[in-house]
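Take a look at the structure below.
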Amino acid sequence: MDDRDTLTSRMAQAAQTATTFPIWPDGDAPGARHSPVSLLLESDHTGNSAFDRAVTGIRAPEITVYPPEKSNGIGILVTPGGSYKRVVLDKEGTALAPDFTARGYTLFVMTYRLPGDGHEEGANAPLADVQRAMRTVRHQAGKWQLNPDKIGVLGFSSGGHVAASLGTRYDERVYSLQDTIDTHSSRPDFMALVYPVISMDEGFGHAGSRRELIGTTPDSAQRKHYSLEKRVDHNTPPTFLLHAVDDPAVKVENSLAMFNALHAHQIPVEMHLFEQGRHGFGIRDAQGLPVAEWPRLLMNWIESKTSRR
């Protein structure tokens with residue numbers, strides 16, 4: 001059995017204990033009422049195994065929980081990528097579960113609505129969903145044996161933009177409060193960004209994500225509002241950054257810009273740049289490369305940030 005087959009087998013084991021539930025009270029998000037889209041599962045989007053799924057047409061965002069045998073009290077809300085055109089479920093979701101749950105982490109892998117799908121919140125639809133998801137995880141902290149002050153966010157690619165939006169824009173009111181869940185803070189206690197889309201800058205921003213988010217002719221105010229290196233302030237949570245220097249899709253300058261902004265605001269930040277890895281390596285495509293060590297680096301960092309709480 002090669003490394004990919006072993007990973008697929010471990011993912012299947014993790015999936016057997018997973019639980020999925022909607023994040024909005026009525027299933028569909030309130031802002032989805034006039035959206036024309038419907039959910040579509042792409043079964044072989046990132047490969048040809050049973051765990052290469054992606055979804056489009058999301059109206060009712062969900063969280064899939066991967067619980068450990070014994071909780072370390074730390075929860076991670078995961079926002080996978082997909083260029084703001086889809087959300088990949090497994091490559092940057094299920095694949096994380098074996099390593100992270102083995103060390104006691106509880107993973108909450110979410111789907112989120114896409115900005116070009118006609119939702120009332122427009123470009124803020126993903127932020128509304130991730131705010132609601134973080135509040136939901138905090139509301140359920142006791143159920144999952146978590147410390148509500150040890151819940152962070154981990155995002156990949158365009159999902160890195162969703163995660164960084166939560167970390168920098170957590171207190172923006174982008175949806176109408178629904179119930180007692182919305183009394184909880186949506187600020188993550190830590191933030192991890194893996195080959196993230198950060199900037200809407202013409203020079204190094206990811207053109208596809210920018211187009212889906214703010215269109216083909218955004219004005220300077222829109223670019224600034226959604227360029228998250230410009231949204232960092234002294235309340236931004238401690239951040240872990242990971243990128244491959246040879247990434248041809250989301251340029252490493254995105255992580256560099258975020259690092260510089262965090263460092264300028266004296267936010268605790270750790271960044272790891274690897275020579276090789278290209279884009280979207282996740283767990284599976286990192287195998288055989290030095291970047292494969294990234295889950296251990298991240299978990300060590302999280303534990304260093306949460307051990308004193």
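Residue numbering restarts at 1 in every chain; chains get A, B, ... in the order shown in the structure tokens, and ligands count up from 1 in that same order.
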
- request: Could you give me the residues within stretch 140-306 of chain A that DSSP places in helix (DSSP H, G or I), as an MDAnalysis selection string?
  value: chainID A and resid 158:169 180:183 207:214 220:226 228:230 253:264 284:286 290:306

For A:Ser43, find every residue with an atom within 9 Å (counting only C-alpha atoms), except residues of its own chain fewer than 2 positions away, and show them as a PDB file with N, CA, C and O atoms, in the first residue's frame.
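Produced file result00.pdb, reproduced below:
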```pdb
ATOM      1  N   LEU A  41     -22.657  18.147  -6.097  1.00  0.00           N
ATOM      2  CA  LEU A  41     -21.462  17.438  -5.647  1.00  0.00           C
ATOM      3  C   LEU A  41     -20.617  17.042  -6.844  1.00  0.00           C
ATOM      4  O   LEU A  41     -21.112  16.422  -7.793  1.00  0.00           O
ATOM      5  N   HIS A  45     -13.292  15.798  -8.179  1.00  0.00           N
ATOM      6  CA  HIS A  45     -12.718  17.090  -8.549  1.00  0.00           C
ATOM      7  C   HIS A  45     -11.211  17.151  -8.351  1.00  0.00           C
ATOM      8  O   HIS A  45     -10.495  17.766  -9.145  1.00  0.00           O
ATOM      9  N   THR A  46     -10.672  16.542  -7.284  1.00  0.00           N
ATOM     10  CA  THR A  46      -9.243  16.646  -6.996  1.00  0.00           C
ATOM     11  C   THR A  46      -8.502  15.329  -7.201  1.00  0.00           C
ATOM     12  O   THR A  46      -7.339  15.208  -6.840  1.00  0.00           O
ATOM     13  N   GLY A  47      -9.153  14.344  -7.773  1.00  0.00           N
ATOM     14  CA  GLY A  47      -8.532  13.034  -7.996  1.00  0.00           C
ATOM     15  C   GLY A  47      -9.607  12.000  -8.257  1.00  0.00           C
ATOM     16  O   GLY A  47     -10.750  12.338  -8.566  1.00  0.00           O
ATOM     17  N   ASN A  48      -9.244  10.728  -8.122  1.00  0.00           N
ATOM     18  CA  ASN A  48     -10.206   9.684  -8.463  1.00  0.00           C
ATOM     19  C   ASN A  48     -10.500   8.734  -7.305  1.00  0.00           C
ATOM     20  O   ASN A  48     -10.965   7.616  -7.511  1.00  0.00           O
ATOM     21  N   SER A  49     -10.226   9.160  -6.084  1.00  0.00           N
ATOM     22  CA  SER A  49     -10.585   8.337  -4.936  1.00  0.00           C
ATOM     23  C   SER A  49     -11.964   8.751  -4.425  1.00  0.00           C
ATOM     24  O   SER A  49     -12.572   9.713  -4.912  1.00  0.00           O
ATOM     25  N   ALA A  50     -12.442   8.033  -3.425  1.00  0.00           N
ATOM     26  CA  ALA A  50     -13.727   8.388  -2.821  1.00  0.00           C
ATOM     27  C   ALA A  50     -13.651   9.694  -2.041  1.00  0.00           C
ATOM     28  O   ALA A  50     -14.680  10.250  -1.658  1.00  0.00           O
ATOM     29  N   PHE A  51     -12.425  10.194  -1.824  1.00  0.00           N
ATOM     30  CA  PHE A  51     -12.224  11.399  -1.023  1.00  0.00           C
ATOM     31  C   PHE A  51     -11.564  12.498  -1.860  1.00  0.00           C
ATOM     32  O   PHE A  51     -10.525  13.042  -1.501  1.00  0.00           O
ATOM     33  N   ASP A  52     -12.196  12.794  -2.978  1.00  0.00           N
ATOM     34  CA  ASP A  52     -11.757  13.893  -3.839  1.00  0.00           C
ATOM     35  C   ASP A  52     -12.937  14.777  -4.218  1.00  0.00           C
ATOM     36  O   ASP A  52     -13.018  15.307  -5.307  1.00  0.00           O
ATOM     37  N   ARG A  53     -13.849  14.951  -3.266  1.00  0.00           N
ATOM     38  CA  ARG A  53     -15.107  15.644  -3.524  1.00  0.00           C
ATOM     39  C   ARG A  53     -14.961  17.167  -3.400  1.00  0.00           C
ATOM     40  O   ARG A  53     -14.130  17.659  -2.647  1.00  0.00           O
ATOM     41  N   ALA A  54     -15.820  17.842  -4.147  1.00  0.00           N
ATOM     42  CA  ALA A  54     -15.997  19.288  -4.009  1.00  0.00           C
ATOM     43  C   ALA A  54     -17.478  19.580  -4.193  1.00  0.00           C
ATOM     44  O   ALA A  54     -18.225  18.757  -4.745  1.00  0.00           O
ATOM     45  N   VAL A  55     -17.910  20.751  -3.719  1.00  0.00           N
ATOM     46  CA  VAL A  55     -19.313  21.136  -3.881  1.00  0.00           C
ATOM     47  C   VAL A  55     -19.406  22.550  -4.437  1.00  0.00           C
ATOM     48  O   VAL A  55     -18.567  23.404  -4.166  1.00  0.00           O
TER      49      VAL A  55
END
```

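Restricting the calculation to only C-alpha atoms, the smallest distance between A:Leu114 and any of A:Ser185, A:Asn254, A:Thr64, A:Ser83 is found for A:Ser83.
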
Might you pull out every residue within 6 Å of A:Leu213, with only C-alpha atoms counted and same-chain residues fewer than 2 positions away left off, and present them as a CSV table (one decimal) with all heavy atoms, in the first residue's frame?
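Saved result, selection_38.csv, follows:
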```
chain,number,residue,atom,x,y,z
A,115,PRO,N,-19.3,33.9,-3.3
A,115,PRO,CA,-19.7,35.3,-3.5
A,115,PRO,C,-20.4,35.6,-4.8
A,115,PRO,O,-21.1,36.6,-4.9
A,115,PRO,CB,-18.3,36.0,-3.4
A,115,PRO,CG,-17.3,35.0,-3.7
A,115,PRO,CD,-17.8,33.7,-3.2
A,123,ALA,N,-20.3,39.7,-1.7
A,123,ALA,CA,-19.0,39.4,-1.4
A,123,ALA,C,-18.8,39.0,0.1
A,123,ALA,O,-17.8,38.4,0.5
A,123,ALA,CB,-18.0,40.5,-1.8
A,210,ARG,N,-10.2,37.1,-7.0
A,210,ARG,CA,-10.6,38.5,-7.0
A,210,ARG,C,-11.8,38.7,-7.9
A,210,ARG,O,-12.7,39.4,-7.5
A,210,ARG,CB,-9.4,39.3,-7.5
A,210,ARG,CG,-9.7,40.8,-7.5
A,210,ARG,CD,-8.5,41.7,-7.9
A,210,ARG,NE,-8.0,41.4,-9.2
A,210,ARG,CZ,-6.8,40.9,-9.5
A,210,ARG,NH1,-6.0,40.6,-8.5
A,210,ARG,NH2,-6.5,40.7,-10.7
A,211,ARG,N,-11.8,38.0,-9.0
A,211,ARG,CA,-12.9,38.2,-10.0
A,211,ARG,C,-14.2,37.7,-9.3
A,211,ARG,O,-15.3,38.3,-9.4
A,211,ARG,CB,-12.6,37.4,-11.3
A,211,ARG,CG,-13.7,37.5,-12.3
A,211,ARG,CD,-13.3,36.9,-13.6
A,211,ARG,NE,-13.0,35.5,-13.5
A,211,ARG,CZ,-11.7,35.0,-13.5
A,211,ARG,NH1,-10.7,35.8,-13.7
A,211,ARG,NH2,-11.5,33.7,-13.4
```

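Proximity ranking of A:Met134, A:Ala257, A:Ala244, A:Ile58 relative to A:Thr111 places A:Ile58 first, based on only C-alpha atoms.
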
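Take the candidates A:Glu293, A:Asp99, A:Asp129, A:Glu253 and check each one against A:Pro67 using only C-alpha atoms; the shortest distance goes to A:Asp99.
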
task: Mind checking which residues fall within 12 Å of A:His161, counting only C-alpha atoms, ignoring those fewer than 5 positions away in the same chain, and posting them as an NGL selection string?
output: :A and (78-84 or 123-124 or 126-127 or 130 or 153-156 or 166-169 or 191-200 or 205-206 or 209-210 or 213 or 226-229 or 231 or 250 or 254-255 or 258)

How close does each residue of stretch 152-194 of chain A get to stretch 10-23 of chain A, giving the shortest atom pair and distance in Å to one decimal for every residue with an atom at most 12 Å away, counting only C-alpha atoms, sorted by chain and residue number, as JSON lines?
```
{"residue": "A:Gln178", "atom": "CA", "partner": "A:Ile23", "partner_atom": "CA", "distance": 11.0}
{"residue": "A:Asp179", "atom": "CA", "partner": "A:Ile23", "partner_atom": "CA", "distance": 11.7}
{"residue": "A:Ile181", "atom": "CA", "partner": "A:Ile23", "partner_atom": "CA", "distance": 9.9}
{"residue": "A:Asp182", "atom": "CA", "partner": "A:Ile23", "partner_atom": "CA", "distance": 11.2}
```

task: Identify which of the residues A:Gly122, A:Gly142, A:Gly203, A:Gly282 lies closest to A:Thr94, counting only C-alpha atoms when measuring atom-to-atom distances.
output: A:Gly282

task: State, in Å with one decimal place, the distance from atom CA of A:Ala221 to atom CA of A:Glu202.
output: 13.7 Å

query: Using only C-alpha atoms, which residues sit within 10 Å of A:Ser186 once same-chain residues fewer than 3 positions away are excluded, as a PyMOL selection string?
result: chain A and resi 130-138+151-152+166-167+169-172+182-183+189

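Nearest residue to A:Val232, choosing from A:Arg187, A:Arg296, A:Lys251, A:His265 and counting only C-alpha atoms: A:His265.
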